[in-house]
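J.: Just one file: input-v7.cif, with mmCIF, C-alpha atoms.
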data_structure
#
loop_
_atom_site.label_atom_id
_atom_site.label_comp_id
_atom_site.auth_asym_id
_atom_site.auth_seq_id
_atom_site.Cartn_x
_atom_site.Cartn_y
_atom_site.Cartn_z
CA MET A 1 163.17 195.53 311.58
CA ARG A 2 165.05 193.98 314.50
CA ILE A 3 168.63 192.75 314.19
CA SER A 4 167.42 189.14 314.01
CA GLU A 5 165.39 189.87 310.90
CA LEU A 6 168.26 191.91 309.42
CA SER A 7 170.44 188.83 309.91
CA ARG A 8 167.90 186.56 308.25
CA ARG A 9 167.33 188.91 305.30
CA SER A 10 171.03 189.59 304.66
CA GLY A 11 172.43 186.16 305.39
CA VAL A 12 174.96 187.70 307.81
CA SER A 13 175.10 186.37 311.39
CA ILE A 14 174.13 188.61 314.32
CA PRO A 15 177.63 188.65 315.89
CA THR A 16 179.09 189.69 312.51
CA ILE A 17 176.47 192.43 312.13
CA LYS A 18 177.38 193.71 315.60
CA TYR A 19 181.03 193.70 314.63
CA TYR A 20 180.30 195.71 311.47
CA LEU A 21 178.23 198.17 313.54
CA ARG A 22 181.05 198.67 316.06
CA ASP A 23 183.56 199.01 313.24
CA GLY A 24 181.49 201.59 311.40
CA LEU A 25 180.97 199.55 308.21
CA LEU A 26 177.26 199.59 308.89
CA PRO A 27 175.56 202.78 310.15
CA PRO A 28 173.66 202.42 313.43
CA GLY A 29 169.95 201.67 313.39
CA ARG A 30 167.29 203.97 314.79
CA ALA A 31 167.20 203.58 318.60
CA THR A 32 163.83 202.26 319.74
CA ALA A 33 164.64 201.45 323.36
CA ALA A 34 167.63 201.49 325.70
CA ASN A 35 169.12 198.40 324.14
CA GLN A 36 167.24 198.07 320.85
CA ALA A 37 167.48 199.54 317.40
CA ALA A 38 165.41 199.30 314.23
CA TYR A 39 167.01 198.66 310.85
CA ASP A 40 165.68 199.33 307.36
CA GLU A 41 166.03 198.17 303.75
CA GLU A 42 169.14 200.31 303.33
CA HIS A 43 170.84 198.23 306.03
CA VAL A 44 169.88 195.04 304.19
CA ARG A 45 171.31 196.29 300.90
CA ARG A 46 174.46 197.59 302.53
CA LEU A 47 175.04 194.37 304.43
CA ARG A 48 174.65 192.34 301.27
CA LEU A 49 177.18 194.53 299.51
CA ILE A 50 179.59 194.21 302.47
CA ARG A 51 179.16 190.45 302.45
CA SER A 52 179.96 190.32 298.73
CA LEU A 53 182.96 192.63 298.93
CA ILE A 54 184.46 190.56 301.76
CA GLY A 55 183.23 187.07 300.91
CA VAL A 56 183.22 187.16 297.11
CA ARG A 57 185.79 189.76 296.13
CA GLY A 58 187.97 188.83 299.09
CA LEU A 59 188.60 192.34 300.38
CA SER A 60 189.76 192.96 303.96
CA VAL A 61 187.39 194.70 306.36
CA SER A 62 189.54 197.81 306.13
CA ALA A 63 189.56 197.84 302.31
CA THR A 64 185.81 197.22 302.35
CA LYS A 65 185.42 200.30 304.56
CA ASP A 66 187.32 202.39 302.00
CA VAL A 67 185.22 201.08 299.13
CA LEU A 68 181.98 201.72 301.01
CA ALA A 69 183.04 205.27 301.84
CA ALA A 70 183.79 205.92 298.18
CA VAL A 71 180.48 204.28 297.24
CA ASP A 72 178.71 206.66 299.63
CA ASP A 73 180.36 209.61 297.93
CA ASN A 74 179.29 208.43 294.47
CA GLN A 75 175.85 206.92 294.84
CA GLY A 76 174.48 208.95 291.95
CA ASP A 77 177.04 207.66 289.47
CA LEU A 78 176.46 203.99 288.70
CA HIS A 79 179.47 203.81 286.38
CA LEU A 80 181.80 204.98 289.15
CA LEU A 81 180.08 202.67 291.61
CA LEU A 82 180.64 199.63 289.40
CA GLY A 83 184.28 200.59 288.85
CA LEU A 84 184.77 200.85 292.61
CA VAL A 85 183.20 197.54 293.57
CA LEU A 86 184.80 195.65 290.69
CA GLY A 87 188.23 197.12 291.41
CA ALA A 88 188.71 198.88 288.06
CA LEU A 89 189.12 202.20 289.83
CA PRO A 90 191.38 203.08 292.75
CA VAL A 91 189.46 204.01 295.87
CA GLU A 92 189.65 207.74 296.61
CA ARG A 93 187.39 209.92 298.66
CA SER A 94 185.78 213.18 297.53
CA GLY A 95 184.26 212.71 294.12
CA ARG A 96 185.78 211.21 291.05
CA PRO A 97 188.97 209.18 291.25
CA SER A 98 191.90 211.33 290.31
CA ARG A 99 193.22 210.87 286.80
CA SER A 100 196.44 212.81 287.33
CA GLY A 101 199.01 211.33 289.64
CA PRO A 102 199.44 211.35 293.41
CA GLU A 103 197.49 213.62 295.71
CA GLU A 104 198.08 214.20 299.38
CA GLY A 105 196.76 211.45 301.60
CA SER A 106 196.34 208.93 298.79
CA GLU A 107 199.86 207.58 298.34
CA ARG A 108 198.73 204.01 298.83
CA ASP A 109 196.30 204.07 295.94
CA ALA A 110 197.93 206.70 293.77
CA GLU A 111 200.46 204.47 292.02
CA PRO A 112 198.79 202.84 289.03
CA VAL A 113 199.75 199.22 288.57
CA ALA A 114 201.17 199.73 285.11
CA GLU A 115 203.58 202.40 286.26
CA ARG A 116 205.39 199.78 288.26
CA ASP A 117 205.51 197.54 285.22
CA ALA A 118 207.09 199.83 282.60
CA GLY A 119 206.37 199.84 278.87
CA GLY A 120 204.90 196.42 277.97
CA ALA A 121 201.44 196.73 279.47
CA VAL A 122 200.90 200.22 278.20
CA ASP A 123 201.91 199.46 274.61
CA ASP A 124 200.18 196.10 274.19
CA VAL A 125 196.96 197.02 275.89
CA ALA A 126 196.87 200.49 274.38
CA ALA A 127 197.05 198.91 270.93
CA LEU A 128 194.37 196.36 271.79
CA THR A 129 191.95 198.81 273.38
CA ALA A 130 192.44 201.27 270.50
CA GLU A 131 191.66 198.48 268.04
CA MET A 132 188.52 197.60 270.02
CA GLY A 133 187.48 201.21 270.53
CA TRP A 134 187.34 200.59 274.27
CA GLN A 135 187.54 203.62 276.55
CA THR A 136 188.83 202.65 279.97
CA SER A 137 190.49 204.36 282.90
CA PRO A 138 194.26 204.66 282.48
CA ASN A 139 196.19 201.57 283.54
CA PRO A 140 193.40 199.44 284.96
CA PRO A 141 194.58 196.29 286.78
CA ALA A 142 193.12 194.15 283.98
CA ALA A 143 195.59 195.69 281.53
CA GLN A 144 198.45 194.45 283.67
CA VAL A 145 197.05 190.91 283.59
CA ILE A 146 196.89 190.95 279.80
CA SER A 147 200.40 192.27 279.50
CA GLU A 148 201.75 189.63 281.86
CA THR A 149 200.02 186.91 279.89
CA LEU A 150 201.57 188.10 276.65
CA ALA A 151 205.00 188.32 278.30
CA THR A 152 204.66 184.75 279.62
CA MET A 153 203.58 183.47 276.20
CA ARG A 154 206.60 185.06 274.58
CA ALA A 155 208.93 183.73 277.29
CA LEU A 156 207.60 180.22 276.56
CA GLY A 157 208.23 180.64 272.86
CA VAL A 158 204.62 180.99 271.73
CA ASP A 159 204.23 183.33 268.81
CA TYR A 160 201.50 185.53 270.20
CA ASP A 161 200.85 189.24 270.49
CA TRP A 162 197.94 191.58 271.15
CA ARG A 163 196.62 191.00 267.62
CA SER A 164 196.06 187.33 268.52
CA LEU A 165 193.78 188.54 271.31
CA VAL A 166 191.51 190.66 269.11
CA PRO A 167 189.01 187.86 268.29
CA TYR A 168 188.86 186.99 271.99
CA ALA A 169 188.34 190.66 272.82
CA GLU A 170 185.37 190.74 270.46
CA LEU A 171 183.78 187.84 272.33
CA ALA A 172 184.64 189.50 275.67
CA ASP A 173 182.88 192.62 274.42
CA ARG A 174 179.69 190.65 273.87
CA THR A 175 180.09 188.90 277.22
CA ALA A 176 180.37 192.26 279.00
CA GLN A 177 177.20 193.49 277.31
CA LEU A 178 175.38 190.38 278.55
CA ASP A 179 176.72 191.15 282.04
CA LEU A 180 175.39 194.69 282.00
CA ASP A 181 172.03 193.65 280.52
CA GLN A 182 171.48 191.74 283.74
CA LEU A 183 171.80 194.89 285.87
CA GLN A 184 168.97 196.77 284.18
CA ASP A 185 166.24 195.60 286.54
CA ALA A 186 168.34 195.16 289.67
CA GLY A 187 166.81 198.06 291.62
CA ASP A 188 168.73 200.84 293.31
CA PRO A 189 172.47 201.54 292.79
CA LEU A 190 173.62 199.58 295.85
CA GLN A 191 171.73 196.53 294.62
CA GLN A 192 173.09 196.97 291.13
CA ALA A 193 176.62 197.25 292.50
CA GLU A 194 176.15 194.08 294.55
CA ARG A 195 174.68 192.22 291.60
CA ALA A 196 177.51 193.39 289.31
CA LEU A 197 180.04 192.14 291.82
CA LEU A 198 178.36 188.74 292.12
CA LEU A 199 177.82 188.30 288.40
CA THR A 200 181.35 189.37 287.56
CA VAL A 201 183.45 187.69 290.21
CA LEU A 202 181.36 184.58 290.86
CA LEU A 203 180.82 183.86 287.19
CA GLU A 204 184.53 183.85 286.36
CA PRO A 205 185.26 180.19 287.10
CA ALA A 206 182.02 179.14 285.41
CA LEU A 207 182.89 181.05 282.23
CA LEU A 208 186.26 179.29 282.08
CA ALA A 209 184.54 175.96 282.74
CA LEU A 210 182.10 176.59 279.87
CA ARG A 211 185.08 177.15 277.60
CA ARG A 212 186.58 173.82 278.69
CA LEU A 213 183.34 171.96 277.99
CA ALA A 214 183.06 173.60 274.57
CA GLN A 215 186.70 172.80 273.82
CA GLU A 216 186.06 169.16 274.59
CA HIS A 217 183.01 169.09 272.34
CA HIS A 218 184.73 170.75 269.40
CA SER A 219 187.91 168.77 269.88
CA ALA A 220 185.83 165.59 269.56
CA LEU A 221 184.19 166.91 266.38
CA ARG A 222 187.52 167.78 264.81
CA PHE A 223 189.98 165.24 266.10
CA ARG A 224 188.37 162.13 267.50
CA ASN A 225 189.28 158.84 265.83
CA ASP A 226 186.31 156.54 265.86
CA MET B 227 222.28 167.63 269.98
CA ARG B 228 224.13 167.86 273.27
CA ILE B 229 222.36 168.44 276.59
CA SER B 230 223.44 172.10 276.56
CA GLU B 231 221.61 172.70 273.31
CA LEU B 232 218.61 170.72 274.51
CA SER B 233 218.53 173.05 277.51
CA ARG B 234 218.73 176.15 275.35
CA ARG B 235 216.07 174.93 272.91
CA SER B 236 213.61 173.81 275.58
CA GLY B 237 214.17 176.55 278.13
CA VAL B 238 214.74 173.92 280.83
CA SER B 239 217.96 174.08 282.89
CA ILE B 240 220.55 171.28 282.60
CA PRO B 241 220.17 170.14 286.25
CA THR B 242 216.41 169.91 285.75
CA ILE B 243 216.84 167.93 282.53
CA LYS B 244 219.16 165.54 284.39
CA TYR B 245 216.56 165.15 287.11
CA TYR B 246 213.84 164.35 284.52
CA LEU B 247 216.18 161.80 282.90
CA ARG B 248 216.90 160.09 286.23
CA ASP B 249 213.20 160.17 287.08
CA GLY B 250 212.17 158.66 283.76
CA LEU B 251 210.02 161.61 282.57
CA LEU B 252 212.40 162.04 279.67
CA PRO B 253 213.73 159.00 277.78
CA PRO B 254 217.53 158.69 277.65
CA GLY B 255 219.45 160.09 274.68
CA ARG B 256 221.50 157.99 272.28
CA ALA B 257 224.86 157.25 273.94
CA THR B 258 227.73 158.74 271.94
CA ALA B 259 230.59 158.29 274.42
CA ALA B 260 231.12 157.01 277.96
CA ASN B 261 229.62 160.12 279.52
CA GLN B 262 227.79 161.72 276.62
CA ALA B 263 224.46 161.36 274.90
CA ALA B 264 222.78 162.88 271.88
CA TYR B 265 219.22 164.20 272.00
CA ASP B 266 216.76 164.86 269.21
CA GLU B 267 213.70 166.96 268.34
CA GLU B 268 211.45 164.50 270.15
CA HIS B 269 213.31 165.34 273.37
CA VAL B 270 212.78 169.05 272.78
CA ARG B 271 209.05 168.59 272.22
CA ARG B 272 208.68 166.32 275.21
CA LEU B 273 210.61 168.67 277.49
CA ARG B 274 208.46 171.60 276.43
CA LEU B 275 205.34 169.60 277.19
CA ILE B 276 206.75 168.58 280.59
CA ARG B 277 207.62 172.18 281.36
CA SER B 278 204.08 173.27 280.52
CA LEU B 279 202.38 170.49 282.47
CA ILE B 280 204.45 171.32 285.56
CA GLY B 281 204.95 175.06 285.22
CA VAL B 282 201.71 176.11 283.57
CA ARG B 283 199.15 173.52 284.59
CA GLY B 284 200.79 173.11 287.98
CA LEU B 285 200.95 169.30 287.98
CA SER B 286 203.30 167.45 290.30
CA VAL B 287 206.21 165.51 288.77
CA SER B 288 204.41 162.29 289.56
CA ALA B 289 201.11 163.40 287.96
CA THR B 290 203.09 164.64 284.96
CA LYS B 291 204.60 161.18 284.62
CA ASP B 292 201.10 159.65 284.54
CA VAL B 293 199.90 162.13 281.91
CA LEU B 294 202.99 161.54 279.75
CA ALA B 295 202.53 157.78 279.95
CA ALA B 296 198.93 158.15 278.83
CA VAL B 297 200.02 160.55 276.11
CA ASP B 298 202.51 157.92 274.88
CA ASP B 299 199.71 155.38 274.70
CA ASN B 300 197.47 157.71 272.69
CA GLN B 301 199.71 159.66 270.35
CA GLY B 302 197.52 158.87 267.37
CA ASP B 303 194.40 160.34 268.90
CA LEU B 304 194.68 164.11 269.19
CA HIS B 305 191.28 164.43 270.85
CA LEU B 306 192.31 162.08 273.66
CA LEU B 307 195.69 163.82 273.89
CA LEU B 308 194.07 167.22 274.35
CA GLY B 309 191.68 165.85 276.96
CA LEU B 310 194.61 164.37 278.85
CA VAL B 311 196.79 167.49 278.91
CA LEU B 312 193.87 169.81 279.65
CA GLY B 313 192.59 167.60 282.42
CA ALA B 314 189.17 166.90 280.92
CA LEU B 315 189.82 163.18 281.03
CA PRO B 316 191.10 161.09 283.91
CA VAL B 317 194.54 159.62 283.35
CA GLU B 318 194.38 155.91 282.72
CA ARG B 319 196.85 153.63 281.04
CA SER B 320 196.15 151.25 278.18
CA GLY B 321 193.98 152.88 275.58
CA ARG B 322 190.91 154.96 275.98
CA PRO B 323 189.88 156.25 279.38
CA SER B 324 187.27 153.97 280.84
CA ARG B 325 183.71 155.18 280.58
CA SER B 326 182.26 152.62 282.92
CA GLY B 327 183.29 152.86 286.54
CA PRO B 328 186.29 151.61 288.47
CA GLU B 329 188.80 149.14 287.09
CA GLU B 330 191.49 147.33 288.98
CA GLY B 331 194.50 149.47 289.71
CA SER B 332 192.81 152.76 288.95
CA GLU B 333 190.98 153.53 292.18
CA ARG B 334 192.57 156.94 292.49
CA ASP B 335 191.27 158.19 289.16
CA ALA B 336 188.16 156.11 288.85
CA GLU B 337 185.86 158.25 290.96
CA PRO B 338 184.44 161.03 288.80
CA VAL B 339 184.19 164.36 290.59
CA ALA B 340 180.45 164.69 290.09
CA GLU B 341 179.75 161.34 291.72
CA ARG B 342 181.04 162.78 294.98
CA ASP B 343 178.77 165.78 294.52
CA ALA B 344 175.38 164.13 294.01
CA GLY B 345 172.50 165.44 291.93
CA GLY B 346 173.08 169.16 291.37
CA ALA B 347 176.01 169.06 288.96
CA VAL B 348 174.55 166.30 286.88
CA ASP B 349 171.12 167.91 286.44
CA ASP B 350 172.21 171.50 285.79
CA VAL B 351 175.04 170.72 283.49
CA ALA B 352 173.17 167.96 281.71
CA ALA B 353 170.43 170.45 280.90
CA LEU B 354 172.92 173.06 279.75
CA THR B 355 175.00 170.73 277.61
CA ALA B 356 171.86 169.22 276.07
CA GLU B 357 170.63 172.72 275.20
CA MET B 358 174.01 173.51 273.63
CA GLY B 359 174.28 170.17 271.85
CA TRP B 360 177.65 169.62 273.50
CA GLN B 361 178.95 166.09 273.69
CA THR B 362 181.44 165.69 276.53
CA SER B 363 182.83 162.90 278.64
CA PRO B 364 180.60 162.04 281.61
CA ASN B 365 181.13 164.28 284.65
CA PRO B 366 184.09 166.36 283.51
CA PRO B 367 185.66 168.54 286.25
CA ALA B 368 184.35 171.67 284.48
CA ALA B 369 180.77 170.52 285.10
CA GLN B 370 181.45 170.51 288.82
CA VAL B 371 182.71 174.10 288.66
CA ILE B 372 179.54 175.24 286.91
CA SER B 373 177.34 173.47 289.39
CA GLU B 374 179.21 174.96 292.35
CA THR B 375 178.85 178.43 290.86
CA LEU B 376 175.11 178.01 290.46
CA ALA B 377 174.83 176.70 294.03
CA THR B 378 176.79 179.69 295.37
CA MET B 379 174.63 182.13 293.40
CA ARG B 380 171.49 180.58 294.83
CA ALA B 381 172.93 180.60 298.36
CA LEU B 382 173.60 184.33 297.97
CA GLY B 383 170.04 184.96 296.85
CA VAL B 384 170.76 185.62 293.15
CA ASP B 385 167.99 184.38 290.89
CA TYR B 386 170.10 182.39 288.49
CA ASP B 387 170.00 178.95 286.91
CA TRP B 388 171.51 177.08 283.99
CA ARG B 389 169.24 178.94 281.56
CA SER B 390 170.96 182.18 282.57
CA LEU B 391 174.22 180.63 281.41
CA VAL B 392 173.05 179.72 277.91
CA PRO B 393 174.06 183.05 276.27
CA TYR B 394 177.46 182.75 277.96
CA ALA B 395 177.76 179.17 276.76
CA GLU B 396 177.16 180.36 273.21
CA LEU B 397 180.06 182.78 273.51
CA ALA B 398 182.19 180.08 275.13
CA ASP B 399 181.41 177.85 272.16
CA ARG B 400 182.84 180.44 269.78
CA THR B 401 185.84 181.00 272.08
CA ALA B 402 186.60 177.27 272.04
CA GLN B 403 186.46 177.21 268.25
CA LEU B 404 188.98 180.06 268.15
CA ASP B 405 191.18 178.05 270.51
CA LEU B 406 191.13 175.00 268.29
CA ASP B 407 191.69 177.04 265.12
CA GLN B 408 195.06 177.95 266.55
CA LEU B 409 196.15 174.32 266.76
CA GLN B 410 195.72 173.60 263.07
CA ASP B 411 199.28 174.47 262.05
CA ALA B 412 201.04 173.56 265.30
CA GLY B 413 202.92 170.56 263.94
CA ASP B 414 202.93 167.08 265.44
CA PRO B 415 200.57 165.91 268.20
CA LEU B 416 203.00 166.61 271.07
CA GLN B 417 203.40 170.17 269.87
CA GLN B 418 199.66 170.56 269.44
CA ALA B 419 199.11 169.24 272.96
CA GLU B 420 201.65 171.68 274.36
CA ARG B 421 200.15 174.59 272.43
CA ALA B 422 196.63 173.64 273.52
CA LEU B 423 197.80 173.60 277.12
CA LEU B 424 199.47 177.00 276.84
CA LEU B 425 196.61 178.62 274.96
CA THR B 426 194.00 177.23 277.31
CA VAL B 427 195.56 177.60 280.74
CA LEU B 428 197.69 180.70 280.17
CA LEU B 429 194.93 182.58 278.39
CA GLU B 430 192.44 182.14 281.22
CA PRO B 431 193.37 185.20 283.28
CA ALA B 432 193.69 187.29 280.11
CA LEU B 433 190.19 186.32 278.94
CA LEU B 434 188.76 187.38 282.29
CA ALA B 435 190.76 190.62 282.11
CA LEU B 436 189.38 191.35 278.63
CA ARG B 437 185.89 190.96 280.05
CA ARG B 438 186.69 193.47 282.81
CA LEU B 439 188.00 196.02 280.30
CA ALA B 440 184.93 195.57 278.13
CA GLN B 441 182.67 195.89 281.18
CA GLU B 442 184.31 199.17 282.07
CA HIS B 443 183.87 200.47 278.53
CA HIS B 444 180.20 199.49 278.26
CA SER B 445 179.45 200.62 281.80
CA ALA B 446 180.75 204.08 280.83
CA LEU B 447 178.58 204.10 277.70
CA ARG B 448 175.47 203.16 279.62
CA PHE B 449 175.84 204.69 283.04
CA ARG B 450 178.39 207.47 283.20
CA ASN B 451 177.14 210.89 284.27
CA ASP B 452 179.07 213.60 282.46
#
Starting from the coordinates I provided, produce the structure as structure tokens.
T.:
Amino acid sequence: MRISELSRRSGVSIPTIKYYLRDGLLPPGRATAANQAAYDEEHVRRLRLIRSLIGVRGLSVSATKDVLAAVDDNQGDLHLLLGLVLGALPVERSGRPSRSGPEEGSERDAEPVAERDAGGAVDDVAALTAEMGWQTSPNPPAAQVISETLATMRALGVDYDWRSLVPYAELADRTAQLDLDQLQDAGDPLQQAERALLLTVLLEPALLALRRLAQEHHSALRFRND
Amino acid sequence: MRISELSRRSGVSIPTIKYYLRDGLLPPGRATAANQAAYDEEHVRRLRLIRSLIGVRGLSVSATKDVLAAVDDNQGDLHLLLGLVLGALPVERSGRPSRSGPEEGSERDAEPVAERDAGGAVDDVAALTAEMGWQTSPNPPAAQVISETLATMRALGVDYDWRSLVPYAELADRTAQLDLDQLQDAGDPLQQAERALLLTVLLEPALLALRRLAQEHHSALRFRND
């Protein structure tokens, strides 16, 4: 297809596509004439993933380039692919993300978030994930968020620890299974990665909004004076 | 108690307490000498609620004043109180929030969010809440969020409508019931309102983080190549 159709199919403007081509985010098309190239379905899928990484996940062009390179290295492994696009795994080239400390050339990504944070995150989230039977990568960014929440609760005098989160974790477990159910028929790995990104990141505010609506409903049932 | 103890008990600094007193957010203490006043438990509870409205929900001092005034008018009605502190209901003085359009002196709050947004929010969320059997106030801000999410999904080419959200809404319903269970033994209405605010707003990032951890776990179970 011509660049105009690529633009229409991907929802990305022609000048932006040209910028991604110059910058190497998008591989060149097949040259068909001095000043023309033909693009294929792979370009459409890749452009849609780029658009989602930048527009939905809010990555910079340079970070998007790193993620795409890692995606290219791991196309056969959907689990790794999802971890990369969702940000659960640090971006590293050449195969699986390292599990064992810094390696040359990866200083920027080698320092897990929780190592900067000291004991709290590790203890709280380790206890919670053990209770849930969840196997995750060591020190994922989400663990840091949970630990910070618990620390803030305690600082504000709320009696709350990881055990209070267990019933919520059970509901989150079912939510995550719903999320993954929706990837089953999403096509090839790049499409699944894009869909996972959209369903995860875009749905977040809506999930919180659903909780607010349900709170209002149940609050009325329990507490309203009529 | 003296202002120093009030500060210690509430976690709010003495200069900030003095500012809230001057500004009328906090009622004056009982004068005990020319330059001294005594404060009571009601001051502690009110200060903690102020701190949460400003520090956790991110309200301005002036918006906090409006919420507190409405809270004072509705102390007997915990459902209204929760709606006010969580932002489900517009802040209006003198009794129940109006359900029927603008009233004099309330132009700023009288325009429901969804009326600015036209059809989409109303249709999608009406269908969803009807399916769930949820009774909520008309056009709550959360409905707007859900509608915007669905519009964004569609704009990005994801085949998704309110029916796709029903399984998530069922989990949100159970989450909201957990939330409210934790208010049962929280004491008087001001304390329950403060706790509801903390548990709702502070927990939001942690709930999303739990979903990410669970996604990683289930993604490994389903997709990892070993």
J.: For the structure provided, state which residues fall under the PyMOL selection byres ((chain A) within 6 of (chain B)), and present them as a VMD selection string.
T.: chain A and resid 78 to 79 134 to 136 142 146 169 172 to 173 176 206 209 to 211 214 to 215 217 219 to 220 223 to 224
J.: For atom CA of Thr290 of chain B and atom CA of Gln417 of chain B, quote the distance in Å rounded to one decimal.
T.: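 The value is 16.1 Å.
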J.: Give as a PyMOL selection string the residues that the PyMOL selection byres ((chain A and resi 39) around 9) matches when applied to the coordinates above.
T.: chain A and resi 1-3+5-6+28-30+37-38+40-44
J.: Between B:Gln262, B:Ala289, B:Arg272, B:Arg389, which is the closest to Ala356 of chain B once you count all atoms listed in the file?
T.: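 Nearest to Ala356 of chain B: B:Arg389.
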J.: Could you tell me which of B:Ile243, B:Ala412, B:Leu310, B:Ala259 comes closest to Asp298 of chain B if we count all atoms listed in the file?
T.: B:Leu310
J.: Atom CA of Leu273 of chain B and atom CA of Thr242 of chain B, how far apart in Å?
T.: 10.2 Å
